Amino acid sequence: MNTLEISEMATKFDKGKPSFTSIPQKALLEVAKGFTVGLDKYGQFNYSKRMPVTRYLDALHRHLNQYLAYADKNDIDESGVHHLALATCNAMMALDGILTGTIVDDRNVTYKPKVTNQTELTFE
């Protein structure tokens with residue numbers, strides 16, 4: 001600890017709260033680069049508009065595929081951003097749309113479970 005003694009430190013009650021410093025910072029920076037490319041290409045907060053979830057999921061899978069297939073030198077997209085960061089951007093935009101209610105859920109309803117009671121799910 002710097003020059004402060006433990007007894008001199010302030011009290012802060014943050015147990016159970018999200019720890020943003022636990023997020024890997026280099027990865028977060030690369031994700032921010034992906035969002036900056038999106039800002040320049042589509043405009044600020046474009047992800048807050050209504051969008052079918054499968055559009056984000058398709059883009060996410062394309063970037064994962066590019067990474068898994070060694071498709072680009074150093075795994076960098078033509079935008080200059082790592083494919084895994086761009087996959088993460090798409091996952092974050094899909095999740096944000098789900099949490100804010102702007103996502104259009106166009107998933108295949110064939111796979112939607114039927115609820116038979118509170119504890120049991122069945123598929124038809």
# chains A, B, ... in the order shown; residues from 1 in each chain; ligands from 1

$ residues_around --residues "region 35-45 of chain A" --least-positions-apart "6" --cutoff "10 Å" --atoms "only C-alpha atoms" --output "PyMOL selection string"
chain A and resi 29+79-81+85-86+89-90+93

$ closest_residue --among "A:Thr88, A:Asn108, A:Thr21, A:Ser7" --to "Thr54 (chain A)" --atoms "only C-alpha atoms"
A:Asn108

$ residues_around --residues "Met51 (chain A)" --least-positions-apart "3" --cutoff "12 Å" --atoms "only C-alpha atoms" --output "list in words"
Asn46, Tyr47, Ser48, Thr54, Arg55, Tyr56, Leu57, Asn90, Met93, Ala94, Leu95, Asp96, Gly97, Ile98, Thr100, Gly101, Thr102, Ile103, Val104, Asp105 and Asp106 of chain A

$ write_last_selection --atoms "C-alpha atoms" --output "mmCIF file, in the first residue's frame"
data_model
loop_
_atom_site.group_PDB
_atom_site.id
_atom_site.type_symbol
_atom_site.label_atom_id
_atom_site.label_comp_id
_atom_site.auth_asym_id
_atom_site.auth_seq_id
_atom_site.Cartn_x
_atom_site.Cartn_y
_atom_site.Cartn_z
ATOM 1 C CA ASN A 46 -27.220 3.603 -33.980
ATOM 2 C CA TYR A 47 -27.321 0.383 -31.931
ATOM 3 C CA SER A 48 -30.143 1.942 -29.860
ATOM 4 C CA THR A 54 -30.270 -12.196 -35.882
ATOM 5 C CA ARG A 55 -28.485 -9.343 -37.704
ATOM 6 C CA TYR A 56 -26.180 -8.912 -34.700
ATOM 7 C CA LEU A 57 -25.826 -12.668 -34.226
ATOM 8 C CA ASN A 90 -22.139 -7.400 -31.774
ATOM 9 C CA MET A 93 -25.305 -4.481 -29.045
ATOM 10 C CA ALA A 94 -27.633 -7.494 -29.041
ATOM 11 C CA LEU A 95 -27.599 -7.622 -25.245
ATOM 12 C CA ASP A 96 -28.166 -3.861 -24.978
ATOM 13 C CA GLY A 97 -31.161 -4.176 -27.300
ATOM 14 C CA ILE A 98 -32.554 -7.015 -25.194
ATOM 15 C CA THR A 100 -33.542 -1.819 -23.361
ATOM 16 C CA GLY A 101 -36.374 -3.449 -25.299
ATOM 17 C CA THR A 102 -35.263 -2.230 -28.727
ATOM 18 C CA ILE A 103 -34.297 -5.618 -30.123
ATOM 19 C CA VAL A 104 -36.627 -7.383 -32.551
ATOM 20 C CA ASP A 105 -36.618 -11.032 -31.517
ATOM 21 C CA ASP A 106 -36.662 -12.815 -34.845
#

$ atom_distance --atom1 "CA of Ala71 (chain A)" --atom2 "CA of Asp58 (chain A)"
16.9 Å

$ select_by_dssp --residues "chain A" --states "helix (DSSP H, G or I)" --output "PyMOL selection string"
chain A and resi 6-8+20-22+25-42+46-48+53-68+73-75+83-100+109-111

$ atom_distance --atom1 "CA of Asp72 (chain A)" --atom2 "CA of Met92 (chain A)"
23.0 Å

$ atom_distance --atom1 "CA of Ala69 (chain A)" --atom2 "CA of Leu84 (chain A)"
12.4 Å

$ select_by_dssp --residues "region 21-113 of chain A" --states "strand (DSSP E or B)" --output "list in words"
Met51, Pro52, Ile76, His82, Ile103 and Val104 of chain A

$ write_last_selection --atoms "N, CA and C atoms" --output "PDB file, in the first residue's frame"
ATOM      1  N   MET A  51     -33.577  -3.312 -34.137  1.00  0.00           N
ATOM      2  CA  MET A  51     -32.786  -4.162 -35.030  1.00  0.00           C
ATOM      3  C   MET A  51     -33.145  -5.618 -34.746  1.00  0.00           C
ATOM      4  N   PRO A  52     -33.339  -6.419 -35.777  1.00  0.00           N
ATOM      5  CA  PRO A  52     -33.529  -7.857 -35.539  1.00  0.00           C
ATOM      6  C   PRO A  52     -32.277  -8.452 -34.892  1.00  0.00           C
ATOM      7  N   ILE A  76      -6.979  -9.332 -37.785  1.00  0.00           N
ATOM      8  CA  ILE A  76      -7.496  -7.969 -37.809  1.00  0.00           C
ATOM      9  C   ILE A  76      -8.421  -7.792 -39.007  1.00  0.00           C
ATOM     10  N   HIS A  82      -9.615  -6.060 -34.205  1.00  0.00           N
ATOM     11  CA  HIS A  82      -9.543  -7.520 -34.039  1.00  0.00           C
ATOM     12  C   HIS A  82     -10.929  -8.128 -34.202  1.00  0.00           C
ATOM     13  N   ILE A 103     -34.629  -4.514 -29.225  1.00  0.00           N
ATOM     14  CA  ILE A 103     -34.297  -5.618 -30.123  1.00  0.00           C
ATOM     15  C   ILE A 103     -35.581  -6.222 -30.693  1.00  0.00           C
ATOM     16  N   VAL A 104     -35.536  -6.639 -31.940  1.00  0.00           N
ATOM     17  CA  VAL A 104     -36.627  -7.383 -32.551  1.00  0.00           C
ATOM     18  C   VAL A 104     -36.223  -8.850 -32.481  1.00  0.00           C
TER      19      VAL A 104
END

$ residues_around --residues "Gln66 (chain A)" --least-positions-apart "4" --cutoff "9 Å" --atoms "only C-alpha atoms" --output "list in words"
His61, Arg62, Tyr70, Ala71, Asp72, Asp75, Asp77 and His83 of chain A

$ write_last_selection --atoms "N, CA and C atoms" --output "PDB file, in the first residue's frame"
ATOM      1  N   HIS A  61     -21.174 -14.144 -35.571  1.00  0.00           N
ATOM      2  CA  HIS A  61     -20.677 -15.431 -36.065  1.00  0.00           C
ATOM      3  C   HIS A  61     -19.701 -15.266 -37.226  1.00  0.00           C
ATOM      4  N   ARG A  62     -19.931 -14.275 -38.093  1.00  0.00           N
ATOM      5  CA  ARG A  62     -18.982 -14.042 -39.186  1.00  0.00           C
ATOM      6  C   ARG A  62     -17.611 -13.668 -38.642  1.00  0.00           C
ATOM      7  N   TYR A  70      -8.472 -18.246 -39.453  1.00  0.00           N
ATOM      8  CA  TYR A  70      -7.238 -17.516 -39.761  1.00  0.00           C
ATOM      9  C   TYR A  70      -7.388 -16.702 -41.050  1.00  0.00           C
ATOM     10  N   ALA A  71      -8.552 -16.077 -41.230  1.00  0.00           N
ATOM     11  CA  ALA A  71      -8.877 -15.445 -42.506  1.00  0.00           C
ATOM     12  C   ALA A  71      -8.075 -14.176 -42.787  1.00  0.00           C
ATOM     13  N   ASP A  72      -7.657 -13.475 -41.754  1.00  0.00           N
ATOM     14  CA  ASP A  72      -6.962 -12.207 -41.952  1.00  0.00           C
ATOM     15  C   ASP A  72      -5.644 -12.187 -41.202  1.00  0.00           C
ATOM     16  N   ASP A  75      -5.399 -11.571 -37.461  1.00  0.00           N
ATOM     17  CA  ASP A  75      -6.799 -11.623 -37.024  1.00  0.00           C
ATOM     18  C   ASP A  75      -7.461 -10.254 -36.964  1.00  0.00           C
ATOM     19  N   ASP A  77      -9.598  -7.243 -38.771  1.00  0.00           N
ATOM     20  CA  ASP A  77     -10.584  -6.954 -39.812  1.00  0.00           C
ATOM     21  C   ASP A  77     -10.079  -5.812 -40.698  1.00  0.00           C
ATOM     22  N   HIS A  83     -10.995  -9.264 -34.895  1.00  0.00           N
ATOM     23  CA  HIS A  83     -12.276  -9.935 -35.128  1.00  0.00           C
ATOM     24  C   HIS A  83     -12.998 -10.287 -33.830  1.00  0.00           C
TER      25      HIS A  83
END

$ decode --residues "chain A" --atoms "C-alpha atoms" --output "PDB file, in the first residue's frame"
ATOM      1  CA  MET A   1       0.000   0.000   0.000  1.00  0.00           C
ATOM      2  CA  ASN A   2       1.355   3.451  -0.759  1.00  0.00           C
ATOM      3  CA  THR A   3       2.219   5.554   2.266  1.00  0.00           C
ATOM      4  CA  LEU A   4      -1.227   5.250   3.850  1.00  0.00           C
ATOM      5  CA  GLU A   5      -1.655   2.793   6.629  1.00  0.00           C
ATOM      6  CA  ILE A   6      -4.638   0.468   6.492  1.00  0.00           C
ATOM      7  CA  SER A   7      -6.209   2.225   9.478  1.00  0.00           C
ATOM      8  CA  GLU A   8      -6.072   5.566   7.626  1.00  0.00           C
ATOM      9  CA  MET A   9      -8.033   4.347   4.615  1.00  0.00           C
ATOM     10  CA  ALA A  10     -11.584   5.506   4.057  1.00  0.00           C
ATOM     11  CA  THR A  11     -14.497   3.120   4.316  1.00  0.00           C
ATOM     12  CA  LYS A  12     -16.363   2.257   1.125  1.00  0.00           C
ATOM     13  CA  PHE A  13     -19.273  -0.179   1.048  1.00  0.00           C
ATOM     14  CA  ASP A  14     -19.166  -1.630  -2.448  1.00  0.00           C
ATOM     15  CA  LYS A  15     -19.337  -5.359  -1.822  1.00  0.00           C
ATOM     16  CA  GLY A  16     -21.653  -6.980  -4.331  1.00  0.00           C
ATOM     17  CA  LYS A  17     -21.426  -4.067  -6.791  1.00  0.00           C
ATOM     18  CA  PRO A  18     -20.033  -4.539 -10.310  1.00  0.00           C
ATOM     19  CA  SER A  19     -16.250  -4.330 -10.544  1.00  0.00           C
ATOM     20  CA  PHE A  20     -15.406  -2.444 -13.710  1.00  0.00           C
ATOM     21  CA  THR A  21     -11.694  -2.736 -12.964  1.00  0.00           C
ATOM     22  CA  SER A  22     -12.062  -6.511 -13.368  1.00  0.00           C
ATOM     23  CA  ILE A  23     -12.697  -6.058 -17.099  1.00  0.00           C
ATOM     24  CA  PRO A  24      -9.527  -6.766 -19.124  1.00  0.00           C
ATOM     25  CA  GLN A  25      -8.498  -3.260 -20.170  1.00  0.00           C
ATOM     26  CA  LYS A  26      -6.609  -4.100 -23.372  1.00  0.00           C
ATOM     27  CA  ALA A  27      -9.585  -6.112 -24.627  1.00  0.00           C
ATOM     28  CA  LEU A  28     -11.939  -3.309 -23.600  1.00  0.00           C
ATOM     29  CA  LEU A  29      -9.844  -0.808 -25.562  1.00  0.00           C
ATOM     30  CA  GLU A  30     -10.088  -3.010 -28.668  1.00  0.00           C
ATOM     31  CA  VAL A  31     -13.878  -3.245 -28.223  1.00  0.00           C
ATOM     32  CA  ALA A  32     -14.010   0.557 -27.883  1.00  0.00           C
ATOM     33  CA  LYS A  33     -12.135   0.784 -31.194  1.00  0.00           C
ATOM     34  CA  GLY A  34     -14.854  -1.373 -32.749  1.00  0.00           C
ATOM     35  CA  PHE A  35     -17.571   0.914 -31.424  1.00  0.00           C
ATOM     36  CA  THR A  36     -15.629   3.926 -32.734  1.00  0.00           C
ATOM     37  CA  VAL A  37     -15.572   2.377 -36.211  1.00  0.00           C
ATOM     38  CA  GLY A  38     -19.340   1.874 -35.858  1.00  0.00           C
ATOM     39  CA  LEU A  39     -19.774   5.477 -34.730  1.00  0.00           C
ATOM     40  CA  ASP A  40     -17.962   6.748 -37.816  1.00  0.00           C
ATOM     41  CA  LYS A  41     -19.812   4.349 -40.149  1.00  0.00           C
ATOM     42  CA  TYR A  42     -23.373   4.374 -38.758  1.00  0.00           C
ATOM     43  CA  GLY A  43     -23.610   7.379 -36.419  1.00  0.00           C
ATOM     44  CA  GLN A  44     -23.739   7.707 -32.656  1.00  0.00           C
ATOM     45  CA  PHE A  45     -26.034   5.319 -30.787  1.00  0.00           C
ATOM     46  CA  ASN A  46     -27.220   3.603 -33.980  1.00  0.00           C
ATOM     47  CA  TYR A  47     -27.321   0.383 -31.931  1.00  0.00           C
ATOM     48  CA  SER A  48     -30.143   1.942 -29.860  1.00  0.00           C
ATOM     49  CA  LYS A  49     -32.508   1.764 -32.815  1.00  0.00           C
ATOM     50  CA  ARG A  50     -34.677  -1.285 -33.435  1.00  0.00           C
ATOM     51  CA  MET A  51     -32.786  -4.162 -35.030  1.00  0.00           C
ATOM     52  CA  PRO A  52     -33.529  -7.857 -35.539  1.00  0.00           C
ATOM     53  CA  VAL A  53     -31.341  -9.813 -33.130  1.00  0.00           C
ATOM     54  CA  THR A  54     -30.270 -12.196 -35.882  1.00  0.00           C
ATOM     55  CA  ARG A  55     -28.485  -9.343 -37.704  1.00  0.00           C
ATOM     56  CA  TYR A  56     -26.180  -8.912 -34.700  1.00  0.00           C
ATOM     57  CA  LEU A  57     -25.826 -12.668 -34.226  1.00  0.00           C
ATOM     58  CA  ASP A  58     -24.958 -13.227 -37.896  1.00  0.00           C
ATOM     59  CA  ALA A  59     -22.265 -10.521 -37.747  1.00  0.00           C
ATOM     60  CA  LEU A  60     -20.966 -11.988 -34.477  1.00  0.00           C
ATOM     61  CA  HIS A  61     -20.677 -15.431 -36.065  1.00  0.00           C
ATOM     62  CA  ARG A  62     -18.982 -14.042 -39.186  1.00  0.00           C
ATOM     63  CA  HIS A  63     -16.289 -12.423 -37.034  1.00  0.00           C
ATOM     64  CA  LEU A  64     -15.848 -15.612 -35.004  1.00  0.00           C
ATOM     65  CA  ASN A  65     -15.550 -17.556 -38.250  1.00  0.00           C
ATOM     66  CA  GLN A  66     -12.955 -15.118 -39.598  1.00  0.00           C
ATOM     67  CA  TYR A  67     -10.938 -15.561 -36.414  1.00  0.00           C
ATOM     68  CA  LEU A  68     -11.278 -19.361 -36.314  1.00  0.00           C
ATOM     69  CA  ALA A  69     -10.365 -19.703 -40.000  1.00  0.00           C
ATOM     70  CA  TYR A  70      -7.238 -17.516 -39.761  1.00  0.00           C
ATOM     71  CA  ALA A  71      -8.877 -15.445 -42.506  1.00  0.00           C
ATOM     72  CA  ASP A  72      -6.962 -12.207 -41.952  1.00  0.00           C
ATOM     73  CA  LYS A  73      -3.382 -11.333 -41.104  1.00  0.00           C
ATOM     74  CA  ASN A  74      -3.038 -10.990 -37.318  1.00  0.00           C
ATOM     75  CA  ASP A  75      -6.799 -11.623 -37.024  1.00  0.00           C
ATOM     76  CA  ILE A  76      -7.496  -7.969 -37.809  1.00  0.00           C
ATOM     77  CA  ASP A  77     -10.584  -6.954 -39.812  1.00  0.00           C
ATOM     78  CA  GLU A  78     -10.273  -4.532 -42.742  1.00  0.00           C
ATOM     79  CA  SER A  79     -11.417  -1.825 -40.312  1.00  0.00           C
ATOM     80  CA  GLY A  80      -8.243  -2.353 -38.290  1.00  0.00           C
ATOM     81  CA  VAL A  81     -10.029  -3.966 -35.332  1.00  0.00           C
ATOM     82  CA  HIS A  82      -9.543  -7.520 -34.039  1.00  0.00           C
ATOM     83  CA  HIS A  83     -12.276  -9.935 -35.128  1.00  0.00           C
ATOM     84  CA  LEU A  84     -12.946 -11.044 -31.536  1.00  0.00           C
ATOM     85  CA  ALA A  85     -13.461  -7.408 -30.489  1.00  0.00           C
ATOM     86  CA  LEU A  86     -15.969  -6.958 -33.309  1.00  0.00           C
ATOM     87  CA  ALA A  87     -17.742 -10.175 -32.286  1.00  0.00           C
ATOM     88  CA  THR A  88     -17.897  -8.748 -28.760  1.00  0.00           C
ATOM     89  CA  CYS A  89     -19.336  -5.474 -30.089  1.00  0.00           C
ATOM     90  CA  ASN A  90     -22.139  -7.400 -31.774  1.00  0.00           C
ATOM     91  CA  ALA A  91     -22.845  -9.411 -28.618  1.00  0.00           C
ATOM     92  CA  MET A  92     -22.950  -6.189 -26.592  1.00  0.00           C
ATOM     93  CA  MET A  93     -25.305  -4.481 -29.045  1.00  0.00           C
ATOM     94  CA  ALA A  94     -27.633  -7.494 -29.041  1.00  0.00           C
ATOM     95  CA  LEU A  95     -27.599  -7.622 -25.245  1.00  0.00           C
ATOM     96  CA  ASP A  96     -28.166  -3.861 -24.978  1.00  0.00           C
ATOM     97  CA  GLY A  97     -31.161  -4.176 -27.300  1.00  0.00           C
ATOM     98  CA  ILE A  98     -32.554  -7.015 -25.194  1.00  0.00           C
ATOM     99  CA  LEU A  99     -32.073  -5.050 -21.959  1.00  0.00           C
ATOM    100  CA  THR A 100     -33.542  -1.819 -23.361  1.00  0.00           C
ATOM    101  CA  GLY A 101     -36.374  -3.449 -25.299  1.00  0.00           C
ATOM    102  CA  THR A 102     -35.263  -2.230 -28.727  1.00  0.00           C
ATOM    103  CA  ILE A 103     -34.297  -5.618 -30.123  1.00  0.00           C
ATOM    104  CA  VAL A 104     -36.627  -7.383 -32.551  1.00  0.00           C
ATOM    105  CA  ASP A 105     -36.618 -11.032 -31.517  1.00  0.00           C
ATOM    106  CA  ASP A 106     -36.662 -12.815 -34.845  1.00  0.00           C
ATOM    107  CA  ARG A 107     -35.157 -16.078 -33.627  1.00  0.00           C
ATOM    108  CA  ASN A 108     -36.622 -19.294 -35.003  1.00  0.00           C
ATOM    109  CA  VAL A 109     -39.680 -20.007 -32.832  1.00  0.00           C
ATOM    110  CA  THR A 110     -39.333 -23.726 -33.591  1.00  0.00           C
ATOM    111  CA  TYR A 111     -36.715 -23.842 -30.844  1.00  0.00           C
ATOM    112  CA  LYS A 112     -38.659 -21.783 -28.307  1.00  0.00           C
ATOM    113  CA  PRO A 113     -39.371 -23.986 -25.281  1.00  0.00           C
ATOM    114  CA  LYS A 114     -42.917 -24.594 -24.179  1.00  0.00           C
ATOM    115  CA  VAL A 115     -43.404 -23.985 -20.478  1.00  0.00           C
ATOM    116  CA  THR A 116     -45.407 -26.823 -18.928  1.00  0.00           C
ATOM    117  CA  ASN A 117     -44.955 -25.659 -15.345  1.00  0.00           C
ATOM    118  CA  GLN A 118     -42.599 -23.350 -13.443  1.00  0.00           C
ATOM    119  CA  THR A 119     -39.722 -25.826 -13.260  1.00  0.00           C
ATOM    120  CA  GLU A 120     -39.968 -27.879 -16.453  1.00  0.00           C
ATOM    121  CA  LEU A 121     -39.304 -26.890 -20.073  1.00  0.00           C
ATOM    122  CA  THR A 122     -40.175 -29.060 -23.037  1.00  0.00           C
ATOM    123  CA  PHE A 123     -39.392 -28.747 -26.741  1.00  0.00           C
ATOM    124  CA  GLU A 124     -41.768 -29.910 -29.454  1.00  0.00           C
TER     125      GLU A 124
END
